[in-house]
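**Q** The following file, input22.csv, comprises CSV, C-alpha atoms and all ligand atoms:
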chain,number,residue,atom,x,y,z
A,1190,MET,CA,0.2,16.7,8.3
A,1191,ALA,CA,2.4,13.6,7.9
A,1192,SER,CA,6.0,14.6,7.9
A,1193,VAL,CA,8.6,12.7,5.9
A,1194,GLU,CA,11.8,12.8,7.9
A,1195,SER,CA,14.7,11.9,5.7
A,1196,PRO,CA,16.9,9.9,6.2
A,1197,ARG,CA,15.8,7.2,8.6
A,1198,LEU,CA,17.8,4.9,10.9
A,1199,LEU,CA,18.0,1.3,9.7
A,1200,GLY,CA,17.4,-0.5,13.0
A,1201,ARG,CA,20.5,-1.2,15.1
A,1202,SER,CA,22.8,-1.0,12.0
A,1203,GLY,CA,23.6,2.7,12.8
A,1204,LEU,CA,23.1,3.4,9.1
A,1205,ASP,CA,20.8,6.1,7.7
A,1206,VAL,CA,18.7,5.2,4.7
A,1207,SER,CA,16.4,7.0,2.4
A,1208,PRO,CA,12.7,6.2,3.1
A,1209,VAL,CA,12.3,5.3,-0.5
A,1210,ALA,CA,14.6,2.6,-1.9
A,1211,LEU,CA,15.1,1.1,-5.3
A,1212,GLY,CA,13.8,-2.4,-5.6
A,1213,CYS,CA,16.1,-4.3,-8.0
A,1214,TRP,CA,13.9,-7.3,-8.9
A,1215,PRO,CA,12.5,-5.8,-12.2
A,1216,ILE,CA,16.0,-5.3,-13.6
A,1217,ALA,CA,16.6,-9.1,-13.2
A,1218,GLY,CA,14.4,-9.4,-16.3
A,1219,VAL,CA,12.7,-12.5,-15.0
A,1220,SER,CA,9.0,-11.5,-14.8
A,1221,THR,CA,9.3,-7.9,-16.1
A,1222,LEU,CA,9.2,-7.4,-19.8
A,1223,GLY,CA,11.4,-5.0,-21.8
A,1224,THR,CA,14.4,-4.8,-19.5
A,1225,ASN,CA,17.9,-4.1,-20.8
A,1226,ALA,CA,21.3,-3.5,-19.2
A,1227,VAL,CA,21.6,0.1,-20.3
A,1228,ASP,CA,18.3,1.2,-18.8
A,1229,SER,CA,18.9,-1.0,-15.8
A,1230,ILE,CA,22.2,0.6,-15.0
A,1231,ALA,CA,20.8,4.1,-15.7
A,1232,THR,CA,17.9,3.3,-13.3
A,1233,ILE,CA,20.4,2.4,-10.5
A,1234,GLN,CA,22.5,5.4,-11.2
A,1235,ALA,CA,19.4,7.7,-11.2
A,1236,CYS,CA,19.2,6.9,-7.4
A,1237,PHE,CA,22.3,9.1,-6.8
A,1238,ASP,CA,20.4,12.1,-8.2
A,1239,VAL,CA,17.0,11.6,-6.5
A,1240,GLY,CA,18.0,11.1,-2.9
A,1241,ILE,CA,17.9,7.3,-2.7
A,1242,ASN,CA,20.8,5.6,-1.0
A,1243,LEU,CA,19.3,2.1,-0.4
A,1244,LEU,CA,19.4,-0.6,-3.1
A,1245,ASP,CA,17.5,-3.8,-2.5
A,1246,THR,CA,18.4,-7.0,-4.3
A,1247,ALA,CA,18.8,-10.8,-3.7
A,1248,HIS,CA,20.9,-13.7,-4.7
A,1249,VAL,CA,17.9,-15.1,-6.6
A,1250,TYR,CA,17.1,-11.9,-8.6
A,1251,GLY,CA,18.0,-13.4,-12.0
A,1252,PRO,CA,19.1,-17.0,-12.8
A,1253,CYS,CA,22.7,-15.8,-13.0
A,1254,GLY,CA,22.4,-13.1,-10.4
A,1255,GLU,CA,21.7,-10.4,-13.1
A,1256,SER,CA,20.4,-7.9,-10.6
A,1257,GLU,CA,23.4,-8.0,-8.2
A,1258,SER,CA,25.8,-7.9,-11.2
A,1259,LEU,CA,24.1,-4.9,-12.7
A,1260,ILE,CA,24.4,-3.1,-9.3
A,1261,GLY,CA,28.1,-4.0,-9.1
A,1262,GLN,CA,28.6,-2.3,-12.5
A,1263,ALA,CA,26.4,0.7,-11.8
A,1264,ILE,CA,28.0,1.7,-8.5
A,1265,GLU,CA,31.6,1.2,-9.5
A,1266,GLY,CA,33.6,4.1,-7.9
A,1267,ARG,CA,30.7,5.1,-5.8
A,1268,ARG,CA,30.4,2.1,-3.4
A,1269,ASP,CA,30.5,4.1,-0.3
A,1270,GLU,CA,27.5,6.2,-1.3
A,1271,VAL,CA,25.1,3.3,-1.2
A,1272,VAL,CA,23.7,0.9,1.3
A,1273,ILE,CA,23.3,-2.5,-0.2
A,1274,ALA,CA,20.8,-4.9,1.0
A,1275,THR,CA,20.8,-8.4,-0.4
A,1276,LYS,CA,19.2,-11.7,0.6
A,1277,GLY,CA,20.1,-15.4,0.7
A,1278,GLY,CA,18.1,-18.6,1.1
A,1279,VAL,CA,16.5,-18.8,-2.3
A,1280,HIS,CA,18.5,-19.6,-5.4
A,1281,TYR,CA,18.1,-20.7,-8.9
A,1282,GLU,CA,18.9,-24.3,-10.0
A,1283,GLY,CA,18.6,-24.0,-13.8
A,1284,ASN,CA,15.4,-22.2,-14.3
A,1285,VAL,CA,13.8,-23.2,-11.1
A,1286,MET,CA,13.8,-21.2,-7.8
A,1287,VAL,CA,14.8,-23.3,-4.8
A,1288,ASN,CA,14.2,-22.3,-1.2
A,1289,ASP,CA,17.1,-23.5,0.8
A,1290,ALA,CA,17.9,-21.6,4.0
A,1291,ARG,CA,20.5,-24.0,5.4
A,1292,PRO,CA,23.6,-22.3,7.0
A,1293,GLU,CA,26.0,-23.7,4.5
A,1294,THR,CA,23.9,-22.5,1.6
A,1295,LEU,CA,23.5,-19.0,3.1
A,1296,ARG,CA,27.3,-18.8,3.5
A,1297,ALA,CA,28.0,-19.9,-0.1
A,1298,GLU,CA,25.3,-17.6,-1.5
A,1299,CYS,CA,26.7,-14.6,0.5
A,1300,GLU,CA,30.1,-15.2,-1.0
A,1301,GLU,CA,28.7,-15.3,-4.5
A,1302,SER,CA,26.6,-12.2,-3.9
A,1303,LEU,CA,29.7,-10.3,-2.8
A,1304,ARG,CA,31.5,-11.4,-6.0
A,1305,ARG,CA,28.7,-10.3,-8.2
A,1306,LEU,CA,28.3,-7.0,-6.4
A,1307,ARG,CA,32.1,-6.4,-6.7
A,1308,THR,CA,32.4,-5.6,-3.0
A,1309,ASP,CA,33.8,-7.2,0.2
A,1310,ARG,CA,30.8,-6.5,2.4
A,1311,VAL,CA,27.1,-5.7,2.3
A,1312,GLU,CA,25.3,-3.5,4.8
A,1313,LEU,CA,22.2,-5.6,5.2
A,1314,TYR,CA,21.8,-9.3,4.6
A,1315,TYR,CA,18.3,-10.9,4.9
A,1316,LEU,CA,17.1,-14.4,5.2
A,1317,HIS,CA,15.0,-14.2,2.0
A,1318,SER,CA,12.5,-16.8,3.2
A,1319,PRO,CA,12.4,-19.6,5.7
A,1320,ASP,CA,12.5,-23.0,3.8
A,1321,GLY,CA,10.0,-24.9,6.0
A,1322,THR,CA,12.7,-27.4,7.0
A,1323,THR,CA,15.7,-25.6,8.3
A,1324,LEU,CA,15.3,-24.3,11.9
A,1325,ILE,CA,15.0,-20.5,11.8
A,1326,GLU,CA,17.6,-20.5,14.7
A,1327,ASP,CA,20.1,-22.2,12.3
A,1328,SER,CA,19.5,-19.7,9.5
A,1329,ALA,CA,19.8,-16.8,12.0
A,1330,GLY,CA,23.0,-18.3,13.4
A,1331,ALA,CA,24.6,-18.4,9.9
A,1332,ILE,CA,23.8,-14.7,9.4
A,1333,CYS,CA,25.3,-13.9,12.9
A,1334,ASP,CA,28.5,-15.6,11.7
A,1335,LEU,CA,28.5,-13.5,8.5
A,1336,ILE,CA,28.3,-10.4,10.7
A,1337,GLU,CA,31.2,-11.6,12.8
A,1338,SER,CA,33.3,-12.3,9.8
A,1339,GLY,CA,32.7,-8.7,8.6
A,1340,LYS,CA,31.0,-9.6,5.4
A,1341,VAL,CA,27.7,-8.4,6.6
A,1342,ARG,CA,27.0,-5.3,8.8
A,1343,ALA,CA,23.4,-6.0,9.9
A,1344,ALA,CA,20.8,-8.8,9.8
A,1345,GLY,CA,17.4,-8.8,8.2
A,1346,ALA,CA,14.6,-11.4,7.7
A,1347,SER,CA,12.0,-11.5,5.0
A,1348,ASN,CA,8.8,-13.3,4.5
A,1349,CYS,CA,8.7,-14.6,8.1
A,1350,ARG,CA,5.7,-14.8,10.3
A,1351,LEU,CA,5.9,-12.9,13.6
A,1352,GLU,CA,6.9,-16.0,15.7
A,1353,GLN,CA,9.7,-16.7,13.2
A,1354,LEU,CA,10.9,-13.1,13.5
A,1355,GLN,CA,10.9,-13.3,17.2
A,1356,THR,CA,12.9,-16.6,17.2
A,1357,PHE,CA,15.4,-15.1,14.7
A,1358,HIS,CA,15.8,-11.9,16.8
A,1359,GLU,CA,16.7,-14.0,19.9
A,1360,VAL,CA,19.6,-15.6,18.0
A,1361,CYS,CA,20.7,-12.8,15.8
A,1362,PRO,CA,19.3,-9.3,16.6
A,1363,LEU,CA,17.5,-7.9,13.6
A,1364,SER,CA,17.9,-4.5,12.1
A,1365,ALA,CA,15.2,-4.9,9.5
A,1366,VAL,CA,12.3,-7.0,8.4
A,1367,GLN,CA,11.0,-7.1,4.8
A,1368,LEU,CA,7.4,-7.9,4.1
A,1369,PRO,CA,4.6,-7.1,1.6
A,1370,TYR,CA,2.6,-3.9,2.4
A,1371,ASN,CA,0.7,-1.5,0.3
A,1372,MET,CA,-2.7,0.3,0.3
A,1373,LEU,CA,-4.4,-3.0,-0.5
A,1374,GLN,CA,-2.3,-5.3,1.7
A,1375,ARG,CA,-2.1,-4.0,5.2
A,1376,GLY,CA,-2.0,-7.2,7.3
A,1377,ILE,CA,1.3,-6.4,9.0
A,1378,GLU,CA,-0.3,-3.4,10.7
A,1379,LYS,CA,-1.9,-5.8,13.2
A,1380,GLN,CA,1.1,-7.4,14.9
A,1381,THR,CA,4.3,-7.2,13.0
A,1382,ILE,CA,4.7,-3.5,12.7
A,1383,PRO,CA,3.9,-2.8,16.4
A,1384,TRP,CA,6.4,-5.5,17.5
A,1385,CYS,CA,9.1,-4.1,15.2
A,1386,GLN,CA,8.4,-0.6,16.7
A,1387,SER,CA,8.8,-2.0,20.2
A,1388,GLN,CA,12.2,-3.6,19.3
A,1389,GLY,CA,13.6,-0.7,17.2
A,1390,ILE,CA,13.6,-2.9,14.0
A,1391,ALA,CA,13.2,-1.1,10.7
A,1392,VAL,CA,10.2,-2.2,8.6
A,1393,VAL,CA,11.0,-2.3,4.9
A,1394,VAL,CA,8.0,-3.0,2.7
A,1395,TYR,CA,7.7,-4.4,-0.8
A,1396,TRP,CA,5.0,-4.2,-3.5
A,1397,VAL,CA,4.3,-0.6,-2.5
A,1398,LEU,CA,3.2,0.0,-6.1
A,1399,MET,CA,1.6,-3.5,-6.3
A,1400,LYS,CA,3.8,-4.3,-9.3
A,1401,GLY,CA,2.7,-1.2,-11.1
A,1402,LEU,CA,-1.0,-1.4,-10.4
A,1403,LEU,CA,-0.8,1.4,-7.9
A,1404,ALA,CA,1.4,3.6,-10.2
A,1405,GLY,CA,-2.0,4.2,-11.8
A,1406,LYS,CA,-0.9,4.0,-15.4
A,1407,LEU,CA,-2.4,0.7,-16.5
A,1408,PRO,CA,-5.8,1.6,-18.1
A,1409,ARG,CA,-8.9,-0.4,-17.2
A,1410,ASP,CA,-8.8,-2.1,-20.7
A,1411,HIS,CA,-5.1,-2.9,-20.4
A,1412,ARG,CA,-4.2,-6.2,-22.2
A,1413,PHE,CA,-1.2,-7.9,-20.6
A,1414,GLU,CA,1.4,-9.2,-23.0
A,1415,GLN,CA,2.2,-12.8,-23.0
A,1416,GLY,CA,4.9,-13.4,-20.3
A,1417,ASP,CA,3.8,-10.5,-18.1
A,1418,SER,CA,3.6,-12.3,-14.8
A,1419,ARG,CA,1.2,-9.7,-13.3
A,1420,GLN,CA,-1.8,-11.4,-14.9
A,1421,GLU,CA,-1.2,-14.3,-12.5
A,1422,TYR,CA,-1.9,-12.1,-9.4
A,1423,PRO,CA,-5.5,-11.9,-8.1
A,1424,MET,CA,-5.3,-8.1,-8.0
A,1425,PHE,CA,-5.0,-7.9,-11.8
A,1426,GLN,CA,-7.9,-10.3,-12.5
A,1427,GLY,CA,-11.7,-10.1,-13.0
A,1428,GLU,CA,-13.7,-8.2,-10.4
A,1429,GLU,CA,-10.7,-7.4,-8.3
A,1430,TRP,CA,-9.1,-5.6,-11.2
A,1431,HIS,CA,-12.3,-3.5,-11.7
A,1432,LYS,CA,-12.5,-2.7,-8.0
A,1433,ASN,CA,-8.8,-1.6,-8.1
A,1434,GLN,CA,-9.5,0.6,-11.1
A,1435,ASP,CA,-12.4,2.2,-9.2
A,1436,LEU,CA,-10.0,2.9,-6.4
A,1437,LEU,CA,-7.4,4.3,-8.8
A,1438,ASP,CA,-10.0,6.7,-10.2
A,1439,GLU,CA,-10.3,8.1,-6.6
A,1440,LEU,CA,-6.6,8.2,-6.1
A,1441,ARG,CA,-6.1,10.0,-9.4
A,1442,GLU,CA,-8.4,12.8,-8.2
A,1443,ILE,CA,-6.7,13.1,-4.8
A,1444,ALA,CA,-3.3,13.1,-6.6
A,1445,ALA,CA,-4.3,15.7,-9.2
A,1446,ALA,CA,-5.7,18.0,-6.6
A,1447,GLY,CA,-2.4,17.8,-4.8
A,1448,ARG,CA,-0.4,18.3,-8.0
A,1449,MET,CA,1.3,14.9,-7.8
A,1450,SER,CA,1.2,11.6,-9.6
A,1451,VAL,CA,-0.5,8.6,-8.3
A,1452,ALA,CA,2.8,6.7,-7.8
A,1453,GLN,CA,4.0,9.7,-5.8
A,1454,LEU,CA,0.8,9.8,-3.7
A,1455,VAL,CA,0.9,6.0,-3.1
A,1456,THR,CA,4.6,6.1,-2.1
A,1457,ALA,CA,4.2,9.2,0.1
A,1458,TRP,CA,1.2,7.5,1.9
A,1459,THR,CA,3.3,4.4,2.5
A,1460,ILE,CA,6.3,6.2,4.1
A,1461,ALA,CA,3.9,8.3,6.2
A,1462,ARG,CA,2.4,5.1,7.7
A,1463,PRO,CA,3.3,4.7,11.4
A,1464,GLY,CA,6.1,2.2,11.8
A,1465,VAL,CA,7.0,1.9,8.1
A,1466,THR,CA,10.7,2.8,7.7
A,1467,VAL,CA,11.3,2.2,4.0
A,1468,ALA,CA,9.2,1.8,0.9
A,1469,LEU,CA,10.8,-0.4,-1.8
A,1470,CYS,CA,9.8,0.8,-5.2
A,1471,GLY,CA,10.8,-1.4,-8.2
A,1472,ALA,CA,11.8,0.2,-11.5
A,1473,LYS,CA,13.3,-0.7,-14.8
A,1474,ARG,CA,13.6,2.8,-16.2
A,1475,PRO,CA,15.0,5.9,-14.6
A,1476,TYR,CA,11.8,7.9,-14.9
A,1477,GLN,CA,10.0,5.3,-12.8
A,1478,ILE,CA,12.3,5.6,-9.8
A,1479,THR,CA,12.5,9.4,-10.2
A,1480,GLU,CA,8.7,9.5,-10.0
A,1481,SER,CA,8.5,7.3,-6.9
A,1482,ALA,CA,11.4,9.2,-5.2
A,1483,ALA,CA,9.5,12.4,-5.7
A,1484,ALA,CA,7.4,11.2,-2.7
A,1485,LEU,CA,10.4,12.2,-0.6
A,1486,GLN,CA,9.3,15.8,-1.2
A,1487,VAL,CA,5.7,15.3,-0.2
A,1488,ASN,CA,4.1,15.9,3.2
A,1489,LEU,CA,0.6,14.7,2.8
A,1490,THR,CA,-2.0,16.8,4.7
A,1491,ASP,CA,-4.5,15.3,7.2
A,1492,GLU,CA,-7.2,16.0,4.6
A,1493,GLN,CA,-5.3,14.1,1.9
A,1494,LEU,CA,-4.7,11.1,4.2
A,1495,ALA,CA,-8.4,11.1,5.2
A,1496,ALA,CA,-9.4,11.2,1.5
A,1497,VAL,CA,-7.2,8.1,0.9
A,1498,GLU,CA,-8.7,6.2,3.8
A,1499,ILE,CA,-12.2,7.0,2.5
A,1500,ALA,CA,-11.3,5.7,-0.9
A,1501,LEU,CA,-9.8,2.5,0.6
A,1502,ALA,CA,-12.8,1.9,2.8
A,1503,ALA,CA,-15.0,2.2,-0.3
A,1504,ARG,CA,-12.8,-0.3,-2.1
A,1505,GLY,CA,-13.0,-2.9,0.7
A,1506,ALA,CA,-10.7,-5.8,1.4
A,1507,ALA,CA,-8.6,-7.0,-1.5
A,1508,VAL,CA,-7.7,-10.6,-2.5
A,1509,THR,CA,-4.0,-11.2,-2.1
A,1510,ASN,CA,-1.8,-14.1,-2.7
A,1511,ARG,CA,0.7,-13.3,0.1
A,1512,HIS,CA,-0.6,-12.5,3.6
A,1513,PHE,CA,1.3,-11.7,6.7
A,1514,GLU,CA,0.1,-10.2,10.0
B,1601,LIG,N1,11.4,-10.1,-0.1
B,1601,LIG,C1,10.7,-10.5,-1.0
B,1601,LIG,O1,10.3,-11.7,-1.1
B,1601,LIG,C2,10.3,-9.6,-2.1
B,1601,LIG,C3,9.2,-9.9,-3.0
B,1601,LIG,C4,8.9,-8.9,-3.9
B,1601,LIG,C5,9.6,-7.8,-4.0
B,1601,LIG,N2,10.7,-7.5,-3.2
B,1601,LIG,C6,11.5,-6.3,-3.4
B,1601,LIG,O2,10.6,-5.2,-3.5
B,1601,LIG,C7,10.8,-4.5,-4.7
B,1601,LIG,C8,9.5,-3.9,-5.2
B,1601,LIG,O3,8.7,-4.9,-5.7
B,1601,LIG,P1,8.4,-5.1,-7.3
B,1601,LIG,O4,9.6,-4.5,-8.0
B,1601,LIG,O5,8.1,-6.5,-7.5
B,1601,LIG,O6,7.1,-4.3,-7.5
B,1601,LIG,P2,6.6,-2.8,-7.2
B,1601,LIG,O7,7.6,-1.9,-6.7
B,1601,LIG,O8,5.3,-2.9,-6.5
B,1601,LIG,O9,6.3,-2.3,-8.8
B,1601,LIG,C9,7.4,-2.1,-9.6
B,1601,LIG,C10,6.8,-2.0,-11.1
B,1601,LIG,O10,5.9,-0.9,-11.2
B,1601,LIG,C11,6.0,-0.3,-12.4
B,1601,LIG,N3,6.3,1.1,-12.2
B,1601,LIG,C12,7.2,1.6,-11.3
B,1601,LIG,N4,7.2,3.0,-11.3
B,1601,LIG,C13,6.4,3.3,-12.3
B,1601,LIG,C14,6.0,4.5,-12.8
B,1601,LIG,N5,6.5,5.7,-12.4
B,1601,LIG,N6,5.0,4.5,-13.8
B,1601,LIG,C15,4.5,3.4,-14.2
B,1601,LIG,N7,4.9,2.2,-13.8
B,1601,LIG,C16,5.8,2.1,-12.8
B,1601,LIG,C17,7.1,-1.0,-13.2
B,1601,LIG,O11,6.5,-2.0,-14.0
B,1601,LIG,P3,6.5,-2.0,-15.6
B,1601,LIG,O12,7.4,-1.0,-16.1
B,1601,LIG,O13,6.9,-3.4,-16.0
B,1601,LIG,O14,5.0,-1.7,-15.9
B,1601,LIG,C18,7.9,-1.6,-12.0
B,1601,LIG,O15,8.6,-2.8,-12.5
B,1601,LIG,C19,11.5,-5.5,-5.6
B,1601,LIG,O16,12.1,-4.9,-6.7
B,1601,LIG,C20,12.4,-6.2,-4.6
B,1601,LIG,O17,13.5,-5.4,-4.4
B,1601,LIG,C21,11.0,-8.4,-2.3
Reformat the file's structure so that it appears as structure tokens.

**A**
Amino acid sequence: MASVESPRLLGRSGLDVSPVALGCWPIAGVSTLGTNAVDSIATIQACFDVGINLLDTAHVYGPCGESESLIGQAIEGRRDEVVIATKGGVHYEGNVMVNDARPETLRAECEESLRRLRTDRVELYYLHSPDGTTLIEDSAGAICDLIESGKVRAAGASNCRLEQLQTFHEVCPLSAVQLPYNMLQRGIEKQTIPWCQSQGIAVVVYWVLMKGLLAGKLPRDHRFEQGDSRQEYPMFQGEEWHKNQDLLDELREIAAAGRMSVAQLVTAWTIARPGVTVALCGAKRPYQITESAAALQVNLTDEQLAAVEIALAARGAAVTNRHFE
């Protein structure tokens, strides 16, 4: 039986975090349809009731930092009850996302994030993504400086290859890495997770629900509305879509037999994976994060885990647009 210890240590930060965290990209309202401030704030506040203490956001979550600003409003008066993780190195210029991981940009973005979040420090600050030009050492050095200044408690790095993580870690010891990982995207099991385990670095994973696909509620004949960005991802297209729906049929059976929802099964499976510290689950409505957080109450049996592996083996390798090992 896989046991869910809760809470878990966030690397060298000394902070305890819930193994399920709220992903605050959907509430930015950029690629998710039907968001509004009332539901977004209620979604963040639902975390207090369902055992989630980690909120994941970024400077670039919304052209005007909508995600960080909503968090600032939602946690007013309860700041000390949450661990805030934000990221710098990608920002909006008009309606365009720009990847700029230069030290001066990271410093300026961090200041702006703190203002939007209505706080004087964040617990975890990630390099959102290397920009391909700035040396990773320089981006890491800037985050080290932010730690020394007291604005940031611990360092993280996202969307980095293993060599980049290793270089970053030499300059600025990492507490967490953030990468894509879910039942259909398991590349980081090969190298990155074992390395993080060897270094005591927390592994925080995104797209656990594969943007809602693995919540299991989109029917096979689902028609995406115009503007729903999911239709641009290979997993939501053509033969891949049907293979994923076949997998979901299997997962629905396993979940139903265990009296849980598919989102709960998928999230519980994720946080039971060796070396995975935190599963980020995005949501725009309170019921969604409540459903994912219910995974904190689930200890999957060896039989259930084996049934999932059989279903995944039958599904075969999936086509993904973001691959890390
Ligand atoms: N570091 C990076 O570069 C990076 C990249 C991507 C994500 N992230 C982080 O990871 C988080 C998670 O990724 P994500 O938000 O893109 O996707 P996700 O967690 O895989 O999926 C979230 C979406 O699934 C649907 N959903 C959630 N719970 C549901 C439920 N109970 N029933 C039905 N549908 C449900 C919702 O979509 P609908 O309601 O619209 O159907 C929700 O917006 C982000 O919010 C962000 O914090 C980081």

**Q** Work out how far CA of Glu1428 in chain A is from CA of Leu1407 in chain A, in Å to one decimal.

**A**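 Calculated distance between CA of Leu1407 in chain A and CA of Glu1428 in chain A is 15.6 Å.
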
**Q** Taking only C-alpha atoms and all ligand atoms into account, report as a PyMOL selection string which residues have an atom no farther than 7 Å from an atom of ligand LIG 1601 (chain B).

**A** chain A and resi 1211-1215+1221-1222+1245-1246+1317+1347-1348+1367-1368+1395-1402+1404-1406+1452+1469-1473+1476-1478+1480-1481

**Q** For Arg1375 in chain A, which residue among A:Tyr1422, A:Phe1513, A:Phe1413, A:Tyr1281 is the nearest when counting all atoms listed in the file?

**A** A:Phe1513

**Q** Neighbours of Gly1464 in chain A within 7 Å (all atoms listed in the file; same-chain residues fewer than 3 positions away dropped), as a PyMOL selection string?

**A** chain A and resi 1382+1386+1392

**Q** Using only C-alpha atoms for the distances, tell me which of A:Glu1282, A:Gly1200, A:Ile1260, A:Trp1430 is nearest to Ser1387 in chain A.

**A**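 Among A:Glu1282, A:Gly1200, A:Ile1260, A:Trp1430, it is A:Gly1200 that comes nearest to Ser1387 in chain A.
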
**Q** Could you list, as a PyMOL selection string, every residue within 12 Å of range 1482-1490 of chain A, counting only C-alpha atoms and ignoring same-chain residues fewer than 5 positions away?

**A** chain A and resi 1190-1197+1207-1212+1232+1235-1243+1443-1444+1446-1462+1467-1472+1475-1477+1495-1497
